[in-house]
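data.cif (mmCIF, C-alpha atoms; chains and numbers go by the auth columns)
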data_protein
loop_
_atom_site.group_PDB
_atom_site.id
_atom_site.type_symbol
_atom_site.label_atom_id
_atom_site.label_comp_id
_atom_site.label_asym_id
_atom_site.label_seq_id
_atom_site.Cartn_x
_atom_site.Cartn_y
_atom_site.Cartn_z
_atom_site.B_iso_or_equiv
_atom_site.auth_seq_id
_atom_site.auth_asym_id
ATOM 1 C CA MET A 1 262.480 64.105 91.304 0.00 1 A
ATOM 2 C CA GLN A 2 259.399 63.791 93.519 0.00 2 A
ATOM 3 C CA ILE A 3 259.117 65.467 96.909 0.00 3 A
ATOM 4 C CA GLN A 4 256.573 64.393 99.501 0.00 4 A
ATOM 5 C CA THR A 5 256.261 66.162 102.834 0.00 5 A
ATOM 6 C CA GLY A 6 254.628 65.073 106.068 0.00 6 A
ATOM 7 C CA LYS A 7 254.973 65.727 109.779 0.00 7 A
ATOM 8 C CA GLU A 8 255.690 62.977 112.289 0.00 8 A
ATOM 9 C CA LYS A 9 256.496 63.586 115.970 0.00 9 A
ATOM 10 C CA ASN A 10 257.328 67.259 115.328 0.00 10 A
ATOM 11 C CA VAL A 11 259.740 66.317 112.568 0.00 11 A
ATOM 12 C CA VAL A 12 259.071 67.370 108.996 0.00 12 A
ATOM 13 C CA VAL A 13 259.742 64.251 106.950 0.00 13 A
ATOM 14 C CA VAL A 14 260.646 65.136 103.390 0.00 14 A
ATOM 15 C CA SER A 15 260.752 62.040 101.156 0.00 15 A
ATOM 16 C CA VAL A 16 262.709 62.628 97.972 0.00 16 A
ATOM 17 C CA LYS A 17 262.536 60.130 95.120 0.00 17 A
ATOM 18 C CA GLY A 18 264.344 59.920 91.785 0.00 18 A
ATOM 19 C CA LYS A 19 267.341 62.128 91.100 0.00 19 A
ATOM 20 C CA ILE A 20 268.702 65.274 92.737 0.00 20 A
ATOM 21 C CA ASP A 21 270.891 66.785 90.043 0.00 21 A
ATOM 22 C CA ALA A 22 271.756 70.232 88.696 0.00 22 A
ATOM 23 C CA VAL A 23 268.306 70.457 87.073 0.00 23 A
ATOM 24 C CA THR A 24 266.213 69.393 90.087 0.00 24 A
ATOM 25 C CA ALA A 25 268.302 70.582 93.074 0.00 25 A
ATOM 26 C CA PRO A 26 266.965 74.173 92.959 0.00 26 A
ATOM 27 C CA ASP A 27 263.405 72.810 93.365 0.00 27 A
ATOM 28 C CA LEU A 28 264.397 70.869 96.481 0.00 28 A
ATOM 29 C CA GLU A 29 266.167 73.896 97.913 0.00 29 A
ATOM 30 C CA LYS A 30 263.098 76.045 97.253 0.00 30 A
ATOM 31 C CA ALA A 31 260.757 73.497 98.855 0.00 31 A
ATOM 32 C CA LEU A 32 262.922 73.364 101.978 0.00 32 A
ATOM 33 C CA ALA A 33 263.291 77.158 102.104 0.00 33 A
ATOM 34 C CA ASN A 34 259.480 77.496 101.954 0.00 34 A
ATOM 35 C CA LEU A 35 259.092 75.114 104.893 0.00 35 A
ATOM 36 C CA ILE A 36 261.698 77.071 106.869 0.00 36 A
ATOM 37 C CA ALA A 37 259.838 80.283 106.049 0.00 37 A
ATOM 38 C CA GLU A 38 256.690 78.667 107.470 0.00 38 A
ATOM 39 C CA GLY A 39 258.565 78.208 110.741 0.00 39 A
ATOM 40 C CA GLU A 40 259.658 74.582 110.440 0.00 40 A
ATOM 41 C CA ASN A 41 263.188 73.852 111.614 0.00 41 A
ATOM 42 C CA ASN A 42 263.446 70.137 112.291 0.00 42 A
ATOM 43 C CA PHE A 43 263.839 68.062 109.136 0.00 43 A
ATOM 44 C CA LEU A 44 264.373 64.459 108.176 0.00 44 A
ATOM 45 C CA LEU A 45 265.209 63.832 104.529 0.00 45 A
ATOM 46 C CA GLU A 46 264.019 60.311 103.782 0.00 46 A
ATOM 47 C CA LEU A 47 266.085 59.147 100.809 0.00 47 A
ATOM 48 C CA SER A 48 265.281 55.443 100.366 0.00 48 A
ATOM 49 C CA GLY A 49 263.684 56.262 97.011 0.00 49 A
ATOM 50 C CA LEU A 50 266.585 58.406 95.849 0.00 50 A
ATOM 51 C CA GLU A 51 268.692 56.891 93.076 0.00 51 A
ATOM 52 C CA TYR A 52 271.182 59.657 92.414 0.00 52 A
ATOM 53 C CA ILE A 53 272.592 62.833 93.921 0.00 53 A
ATOM 54 C CA SER A 54 275.278 65.117 92.494 0.00 54 A
ATOM 55 C CA SER A 55 277.227 67.994 94.033 0.00 55 A
ATOM 56 C CA ALA A 56 274.366 70.322 93.063 0.00 56 A
ATOM 57 C CA GLY A 57 272.135 68.344 95.432 0.00 57 A
ATOM 58 C CA LEU A 58 274.722 68.441 98.206 0.00 58 A
ATOM 59 C CA ARG A 59 275.053 72.195 97.687 0.00 59 A
ATOM 60 C CA SER A 60 271.290 72.621 98.215 0.00 60 A
ATOM 61 C CA ILE A 61 271.433 70.507 101.371 0.00 61 A
ATOM 62 C CA LEU A 62 274.385 72.501 102.689 0.00 62 A
ATOM 63 C CA ALA A 63 272.643 75.796 101.934 0.00 63 A
ATOM 64 C CA THR A 64 269.588 74.561 103.844 0.00 64 A
ATOM 65 C CA ALA A 65 271.710 73.395 106.796 0.00 65 A
ATOM 66 C CA LYS A 66 273.430 76.794 106.912 0.00 66 A
ATOM 67 C CA GLN A 67 270.033 78.497 107.043 0.00 67 A
ATOM 68 C CA LEU A 68 268.871 76.223 109.856 0.00 68 A
ATOM 69 C CA LYS A 69 271.925 76.488 112.080 0.00 69 A
ATOM 70 C CA PRO A 70 271.373 80.022 113.451 0.00 70 A
ATOM 71 C CA LYS A 71 267.694 79.150 114.082 0.00 71 A
ATOM 72 C CA GLY A 72 268.729 76.151 116.197 0.00 72 A
ATOM 73 C CA GLY A 73 267.242 73.879 113.547 0.00 73 A
ATOM 74 C CA ASN A 74 268.363 70.483 112.444 0.00 74 A
ATOM 75 C CA ILE A 75 268.479 68.333 109.323 0.00 75 A
ATOM 76 C CA ALA A 76 269.039 64.572 109.380 0.00 76 A
ATOM 77 C CA PHE A 77 268.914 61.838 106.738 0.00 77 A
ATOM 78 C CA SER A 78 267.614 58.294 106.447 0.00 78 A
ATOM 79 C CA GLY A 79 267.449 55.475 103.921 0.00 79 A
ATOM 80 C CA LEU A 80 270.639 56.240 101.996 0.00 80 A
ATOM 81 C CA ARG A 81 271.514 53.505 99.538 0.00 81 A
ATOM 82 C CA GLY A 82 273.759 52.687 96.563 0.00 82 A
ATOM 83 C CA PRO A 83 275.325 55.678 94.811 0.00 83 A
ATOM 84 C CA VAL A 84 273.677 58.140 97.221 0.00 84 A
ATOM 85 C CA LYS A 85 275.357 56.445 100.173 0.00 85 A
ATOM 86 C CA ASP A 86 278.692 56.550 98.317 0.00 86 A
ATOM 87 C CA VAL A 87 278.380 60.259 97.521 0.00 87 A
ATOM 88 C CA PHE A 88 277.634 61.024 101.178 0.00 88 A
ATOM 89 C CA ALA A 89 280.713 59.019 102.166 0.00 89 A
ATOM 90 C CA ILE A 90 283.128 60.573 99.624 0.00 90 A
ATOM 91 C CA SER A 91 281.969 64.118 100.366 0.00 91 A
ATOM 92 C CA GLY A 92 282.209 63.779 104.143 0.00 92 A
ATOM 93 C CA PHE A 93 278.471 64.599 104.425 0.00 93 A
ATOM 94 C CA GLY A 94 278.080 61.209 106.104 0.00 94 A
ATOM 95 C CA THR A 95 280.090 62.493 109.061 0.00 95 A
ATOM 96 C CA ILE A 96 278.943 66.127 109.325 0.00 96 A
ATOM 97 C CA PHE A 97 275.249 65.185 109.295 0.00 97 A
ATOM 98 C CA LYS A 98 273.189 62.737 111.333 0.00 98 A
ATOM 99 C CA ILE A 99 272.441 59.674 109.211 0.00 99 A
ATOM 100 C CA PHE A 100 269.976 56.946 110.195 0.00 100 A
ATOM 101 C CA GLU A 101 269.457 53.544 108.582 0.00 101 A
ATOM 102 C CA THR A 102 265.684 53.962 108.415 0.00 102 A
ATOM 103 C CA LYS A 103 263.042 56.605 109.011 0.00 103 A
ATOM 104 C CA GLU A 104 261.847 54.615 112.039 0.00 104 A
ATOM 105 C CA ASP A 105 265.328 54.774 113.608 0.00 105 A
ATOM 106 C CA ALA A 106 265.442 58.525 113.032 0.00 106 A
ATOM 107 C CA LEU A 107 262.072 59.160 114.671 0.00 107 A
ATOM 108 C CA LYS A 108 262.720 56.970 117.716 0.00 108 A
ATOM 109 C CA MET B 1 275.325 52.368 67.387 0.00 1 B
ATOM 110 C CA ALA B 2 278.937 51.443 67.973 0.00 2 B
ATOM 111 C CA ILE B 3 281.658 53.667 69.285 0.00 3 B
ATOM 112 C CA PRO B 4 283.349 55.954 68.540 0.00 4 B
ATOM 113 C CA ALA B 5 280.206 58.067 68.649 0.00 5 B
ATOM 114 C CA THR B 6 279.803 61.823 69.022 0.00 6 B
ATOM 115 C CA ILE B 7 276.966 64.095 70.087 0.00 7 B
ATOM 116 C CA THR B 8 276.954 67.893 69.872 0.00 8 B
ATOM 117 C CA LEU B 9 274.567 69.867 72.065 0.00 9 B
ATOM 118 C CA PRO B 10 274.066 73.470 73.221 0.00 10 B
ATOM 119 C CA ALA B 11 276.199 74.145 76.305 0.00 11 B
ATOM 120 C CA THR B 12 273.263 74.734 78.638 0.00 12 B
ATOM 121 C CA LEU B 13 271.636 72.801 81.471 0.00 13 B
ATOM 122 C CA ASP B 14 268.824 71.762 79.092 0.00 14 B
ATOM 123 C CA SER B 15 271.334 69.406 77.447 0.00 15 B
ATOM 124 C CA LEU B 16 272.227 67.589 80.643 0.00 16 B
ATOM 125 C CA TYR B 17 269.886 64.602 80.373 0.00 17 B
ATOM 126 C CA GLU B 18 270.519 63.991 76.674 0.00 18 B
ATOM 127 C CA SER B 19 274.269 64.030 77.354 0.00 19 B
ATOM 128 C CA MET B 20 273.938 61.624 80.256 0.00 20 B
ATOM 129 C CA ASN B 21 271.698 59.261 78.274 0.00 21 B
ATOM 130 C CA PHE B 22 274.154 59.274 75.378 0.00 22 B
ATOM 131 C CA VAL B 23 277.138 58.398 77.555 0.00 23 B
ATOM 132 C CA SER B 24 275.341 55.835 79.720 0.00 24 B
ATOM 133 C CA PHE B 25 274.019 54.085 76.604 0.00 25 B
ATOM 134 C CA HIS B 26 277.563 53.594 75.330 0.00 26 B
ATOM 135 C CA ALA B 27 278.931 52.696 78.757 0.00 27 B
ATOM 136 C CA ARG B 28 276.219 50.037 79.083 0.00 28 B
ATOM 137 C CA GLU B 29 277.127 48.654 75.642 0.00 29 B
ATOM 138 C CA GLN B 30 280.695 48.293 76.875 0.00 30 B
ATOM 139 C CA GLY B 31 279.469 46.113 79.702 0.00 31 B
ATOM 140 C CA PHE B 32 279.886 48.459 82.663 0.00 32 B
ATOM 141 C CA SER B 33 277.808 47.693 85.750 0.00 33 B
ATOM 142 C CA ASN B 34 274.861 49.874 86.751 0.00 34 B
ATOM 143 C CA GLU B 35 276.887 51.053 89.706 0.00 35 B
ATOM 144 C CA ARG B 36 279.827 52.156 87.541 0.00 36 B
ATOM 145 C CA ILE B 37 277.434 53.772 85.040 0.00 37 B
ATOM 146 C CA SER B 38 275.942 55.812 87.863 0.00 38 B
ATOM 147 C CA GLU B 39 279.448 57.029 88.757 0.00 39 B
ATOM 148 C CA ILE B 40 280.128 57.873 85.106 0.00 40 B
ATOM 149 C CA GLU B 41 276.866 59.863 84.971 0.00 41 B
ATOM 150 C CA LEU B 42 277.842 61.725 88.118 0.00 42 B
ATOM 151 C CA ALA B 43 281.309 62.616 86.807 0.00 43 B
ATOM 152 C CA LEU B 44 279.801 63.724 83.499 0.00 44 B
ATOM 153 C CA GLU B 45 277.217 65.939 85.195 0.00 45 B
ATOM 154 C CA GLU B 46 279.890 67.603 87.304 0.00 46 B
ATOM 155 C CA VAL B 47 282.096 68.259 84.262 0.00 47 B
ATOM 156 C CA LEU B 48 279.233 69.582 82.129 0.00 48 B
ATOM 157 C CA VAL B 49 277.820 71.865 84.822 0.00 49 B
ATOM 158 C CA ASN B 50 281.286 73.359 85.291 0.00 50 B
ATOM 159 C CA ILE B 51 281.663 73.911 81.542 0.00 51 B
ATOM 160 C CA PHE B 52 278.176 75.415 81.184 0.00 52 B
ATOM 161 C CA ASN B 53 278.835 77.833 84.044 0.00 53 B
ATOM 162 C CA TYR B 54 282.517 78.697 83.851 0.00 54 B
ATOM 163 C CA ALA B 55 283.463 78.227 80.191 0.00 55 B
ATOM 164 C CA TYR B 56 280.271 79.875 78.905 0.00 56 B
ATOM 165 C CA LYS B 57 277.604 81.458 81.140 0.00 57 B
ATOM 166 C CA ASP B 58 279.866 83.433 83.492 0.00 58 B
ATOM 167 C CA SER B 59 281.637 84.950 80.471 0.00 59 B
ATOM 168 C CA GLY B 60 278.382 85.743 78.698 0.00 60 B
ATOM 169 C CA LEU B 61 279.203 83.240 75.963 0.00 61 B
ATOM 170 C CA GLU B 62 277.024 80.740 74.185 0.00 62 B
ATOM 171 C CA GLY B 63 278.109 77.674 72.270 0.00 63 B
ATOM 172 C CA ASN B 64 278.142 73.934 72.070 0.00 64 B
ATOM 173 C CA VAL B 65 279.651 71.058 73.890 0.00 65 B
ATOM 174 C CA GLU B 66 280.757 67.998 71.976 0.00 66 B
ATOM 175 C CA ILE B 67 280.912 64.605 73.656 0.00 67 B
ATOM 176 C CA THR B 68 282.688 61.637 72.128 0.00 68 B
ATOM 177 C CA CYS B 69 282.690 58.121 73.529 0.00 69 B
ATOM 178 C CA THR B 70 285.529 55.952 72.332 0.00 70 B
ATOM 179 C CA LEU B 71 287.908 53.189 73.364 0.00 71 B
ATOM 180 C CA ALA B 72 291.598 54.016 73.895 0.00 72 B
ATOM 181 C CA ASP B 73 292.272 50.289 74.101 0.00 73 B
ATOM 182 C CA ALA B 74 290.182 47.203 74.834 0.00 74 B
ATOM 183 C CA GLN B 75 290.098 48.052 78.541 0.00 75 B
ATOM 184 C CA SER B 76 289.728 51.837 78.473 0.00 76 B
ATOM 185 C CA PHE B 77 286.439 53.625 77.780 0.00 77 B
ATOM 186 C CA VAL B 78 287.161 57.279 77.081 0.00 78 B
ATOM 187 C CA ILE B 79 284.718 60.189 77.234 0.00 79 B
ATOM 188 C CA GLU B 80 286.071 63.289 75.511 0.00 80 B
ATOM 189 C CA ILE B 81 284.298 66.556 76.238 0.00 81 B
ATOM 190 C CA THR B 82 285.141 69.518 74.017 0.00 82 B
ATOM 191 C CA ASP B 83 283.942 73.106 74.317 0.00 83 B
ATOM 192 C CA SER B 84 284.823 76.436 72.710 0.00 84 B
ATOM 193 C CA GLY B 85 284.305 78.541 75.820 0.00 85 B
ATOM 194 C CA VAL B 86 286.919 80.543 77.689 0.00 86 B
ATOM 195 C CA PRO B 87 290.018 78.571 78.732 0.00 87 B
ATOM 196 C CA PHE B 88 288.912 76.593 81.745 0.00 88 B
ATOM 197 C CA ASN B 89 290.870 73.775 83.322 0.00 89 B
ATOM 198 C CA ILE B 90 288.614 71.937 85.713 0.00 90 B
ATOM 199 C CA LEU B 91 291.647 70.244 87.284 0.00 91 B
ATOM 200 C CA THR B 92 292.830 73.540 88.763 0.00 92 B
ATOM 201 C CA VAL B 93 289.625 74.054 90.775 0.00 93 B
ATOM 202 C CA ARG B 94 290.549 73.938 94.445 0.00 94 B
ATOM 203 C CA GLU B 95 289.492 70.843 96.313 0.00 95 B
ATOM 204 C CA PRO B 96 287.219 71.278 99.318 0.00 96 B
ATOM 205 C CA ASP B 97 288.094 70.210 102.835 0.00 97 B
ATOM 206 C CA VAL B 98 285.737 67.248 103.170 0.00 98 B
ATOM 207 C CA THR B 99 286.216 67.129 106.933 0.00 99 B
ATOM 208 C CA ALA B 100 285.107 70.723 107.643 0.00 100 B
ATOM 209 C CA GLU B 101 282.009 71.354 109.778 0.00 101 B
ATOM 210 C CA ILE B 102 278.778 72.754 108.333 0.00 102 B
ATOM 211 C CA ASP B 103 279.612 76.425 109.082 0.00 103 B
ATOM 212 C CA LYS B 104 283.062 76.218 107.553 0.00 104 B
ATOM 213 C CA ARG B 105 282.084 74.229 104.501 0.00 105 B
ATOM 214 C CA PRO B 106 282.288 76.346 101.374 0.00 106 B
ATOM 215 C CA ILE B 107 279.295 75.886 99.098 0.00 107 B
ATOM 216 C CA GLY B 108 280.760 74.270 96.000 0.00 108 B
ATOM 217 C CA GLY B 109 284.004 72.682 94.872 0.00 109 B
ATOM 218 C CA LEU B 110 282.745 69.170 95.486 0.00 110 B
ATOM 219 C CA GLY B 111 281.909 68.386 91.878 0.00 111 B
ATOM 220 C CA VAL B 112 285.475 68.417 90.616 0.00 112 B
ATOM 221 C CA PHE B 113 286.511 66.373 93.628 0.00 113 B
ATOM 222 C CA PHE B 114 283.967 63.693 92.622 0.00 114 B
ATOM 223 C CA VAL B 115 285.273 63.626 89.047 0.00 115 B
ATOM 224 C CA LYS B 116 288.833 63.004 90.226 0.00 116 B
ATOM 225 C CA ARG B 117 287.741 60.408 92.761 0.00 117 B
ATOM 226 C CA LEU B 118 285.424 58.426 90.480 0.00 118 B
ATOM 227 C CA MET B 119 287.247 58.403 87.150 0.00 119 B
ATOM 228 C CA ASP B 120 290.405 56.353 86.559 0.00 120 B
ATOM 229 C CA GLU B 121 292.057 59.194 84.619 0.00 121 B
ATOM 230 C CA VAL B 122 291.208 62.839 83.962 0.00 122 B
ATOM 231 C CA HIS B 123 293.205 64.949 81.512 0.00 123 B
ATOM 232 C CA TYR B 124 292.788 68.504 80.267 0.00 124 B
ATOM 233 C CA ARG B 125 294.272 70.133 77.228 0.00 125 B
ATOM 234 C CA ARG B 126 293.693 73.414 75.380 0.00 126 B
ATOM 235 C CA GLU B 127 293.910 72.902 71.637 0.00 127 B
ATOM 236 C CA ALA B 128 292.869 75.109 68.709 0.00 128 B
ATOM 237 C CA GLU B 129 290.941 77.482 71.028 0.00 129 B
ATOM 238 C CA LYS B 130 289.051 74.597 72.585 0.00 130 B
ATOM 239 C CA ASN B 131 288.975 73.022 76.042 0.00 131 B
ATOM 240 C CA ILE B 132 289.296 69.259 75.776 0.00 132 B
ATOM 241 C CA LEU B 133 288.718 67.138 78.828 0.00 133 B
ATOM 242 C CA THR B 134 289.095 63.373 78.722 0.00 134 B
ATOM 243 C CA LEU B 135 287.692 60.997 81.306 0.00 135 B
ATOM 244 C CA THR B 136 288.965 57.435 81.219 0.00 136 B
ATOM 245 C CA VAL B 137 287.061 54.574 82.818 0.00 137 B
ATOM 246 C CA ARG B 138 288.854 51.263 82.950 0.00 138 B
ATOM 247 C CA LYS B 139 287.035 47.992 82.680 0.00 139 B
ATOM 248 C CA THR B 140 287.440 45.522 85.485 0.00 140 B
ATOM 249 C CA GLU B 141 287.874 41.795 84.719 0.00 141 B
ATOM 250 C CA LEU B 142 284.151 41.350 85.116 0.00 142 B
ATOM 251 C CA GLU B 143 283.296 43.975 82.526 0.00 143 B
ATOM 252 C CA SER B 144 285.758 43.044 79.788 0.00 144 B
#
Same coordinates, now as structure tokens:
Amino acid sequence: MQIQTGKEKNVVVVSVKGKIDAVTAPDLEKALANLIAEGENNFLLELSGLEYISSAGLRSILATAKQLKPKGGNIAFSGLRGPVKDVFAISGFGTIFKIFETKEDALK
Amino acid sequence: MAIPATITLPATLDSLYESMNFVSFHAREQGFSNERISEIELALEEVLVNIFNYAYKDSGLEGNVEITCTLADAQSFVIEITDSGVPFNILTVREPDVTAEIDKRPIGGLGVFFVKRLMDEVHYRREAEKNILTLTVRKTELES
């Protein structure tokens, strides 16, 4: 898993590539928690380079979303494809979170 | 390497990738699509993580997990996962409400839900002090 972070239009864009599984999910959660600790609270997870996500990854996302909620923060997603899109659909994450086709759509 | 084939690994997270590679290699040999292999990998991860945590770690136990890939018949690829941890039936884990809002969503429970949704059959049995879970993946016309 590779994580790349940048800021565009006041949104922290976190691009995640590779696999978010039980081994790598804690690293993603830590990276997001560090950004929240720095005061960031508006996130876009750009997942067009993500090939795989398991429930461990969804758990990290949910934990992050729960941290953000009382701070009035937000987390949205873009670029979901293949198995990642399916997992979001089966789990209901596709309806509880804001999902955009592309990063450009999300930042409009 | 033809099936049936078996691999035995320590029941810890360090074994995850080797287990997944072993099973996806055999699934690919059986002609499954990349998409179906990805679903098999996901189901396997969810099963293994549950075993590592609930059959072993939470009880302070250490041991192995044994994975066998075999064919029940020409159309049915079977993954049998055996451990010697505490009795743990993954099928009794409560399913999450997948329509609940963020605040009301419990953290966890989704893994088992994925296994049941993605595999064609899931069976559990306790035999000779071992947990034995079988996942069956059926070949479609295209794959057989």
Written as an MDAnalysis selection string, what is the full residue list that the PyMOL selection byres ((chain B) within 12 of (chain A)) yields on the file shown?
chainID B and resid 12:17 20 34:50 52:53 95:118
Would you write out, as a list in words, every residue that the PyMOL selection byres ((chain B and resi 3) around 8) captures in this file?
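Applied to this file, the PyMOL selection byres ((chain B and resi 3) around 8) returns Met1, Ala2, Pro4, Ala5, His26, Cys69, Thr70 and Leu71 of chain B.
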Evaluating the PyMOL selection byres ((chain B and resi 78) around 10) on the displayed file yields which residues, as a VMD selection string?
chain B and resid 4 27 68 to 73 75 to 77 79 to 81 121 to 122 134 to 138
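The space separating CA of Met1 in chain A from CA of Asp27 in chain A comes to 9.0 Å.
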With all atoms listed in the file as the basis for distance, which of A:Ser15, A:Asn41, A:Lys108, A:Thr5 is at the shortest distance from Gly79 in chain A?
A:Ser15
Excluding range 8-11 of chain B and any residue of its chain fewer than 6 positions from it, enumerate the residues within 10 Å of it, using only C-alpha atoms, and give them as a list in words.
Glu18, Ser19, Leu48, Val49, Ile51, Phe52, Asn53, Ala55, Tyr56, Lys57, Leu61, Glu62, Gly63, Asn64, Val65, Glu66, Ile67, Thr68, Ile81, Thr82, Asp83, Ser84 and Gly85 of chain B
For CA of Glu29 in chain A and CA of Gly72 in chain A, the interatomic separation in Å (one decimal):
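That distance, rounded to one decimal, is 18.6 Å.
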One number please: CA of Asn34 in chain A to CA of Glu46 in chain A, in Å, one decimal.
17.9 Å
Residue nearest Lys85 in chain A among A:Gly57, A:Asp105, A:Leu47, A:Leu68 (counting only C-alpha atoms)
A:Leu47
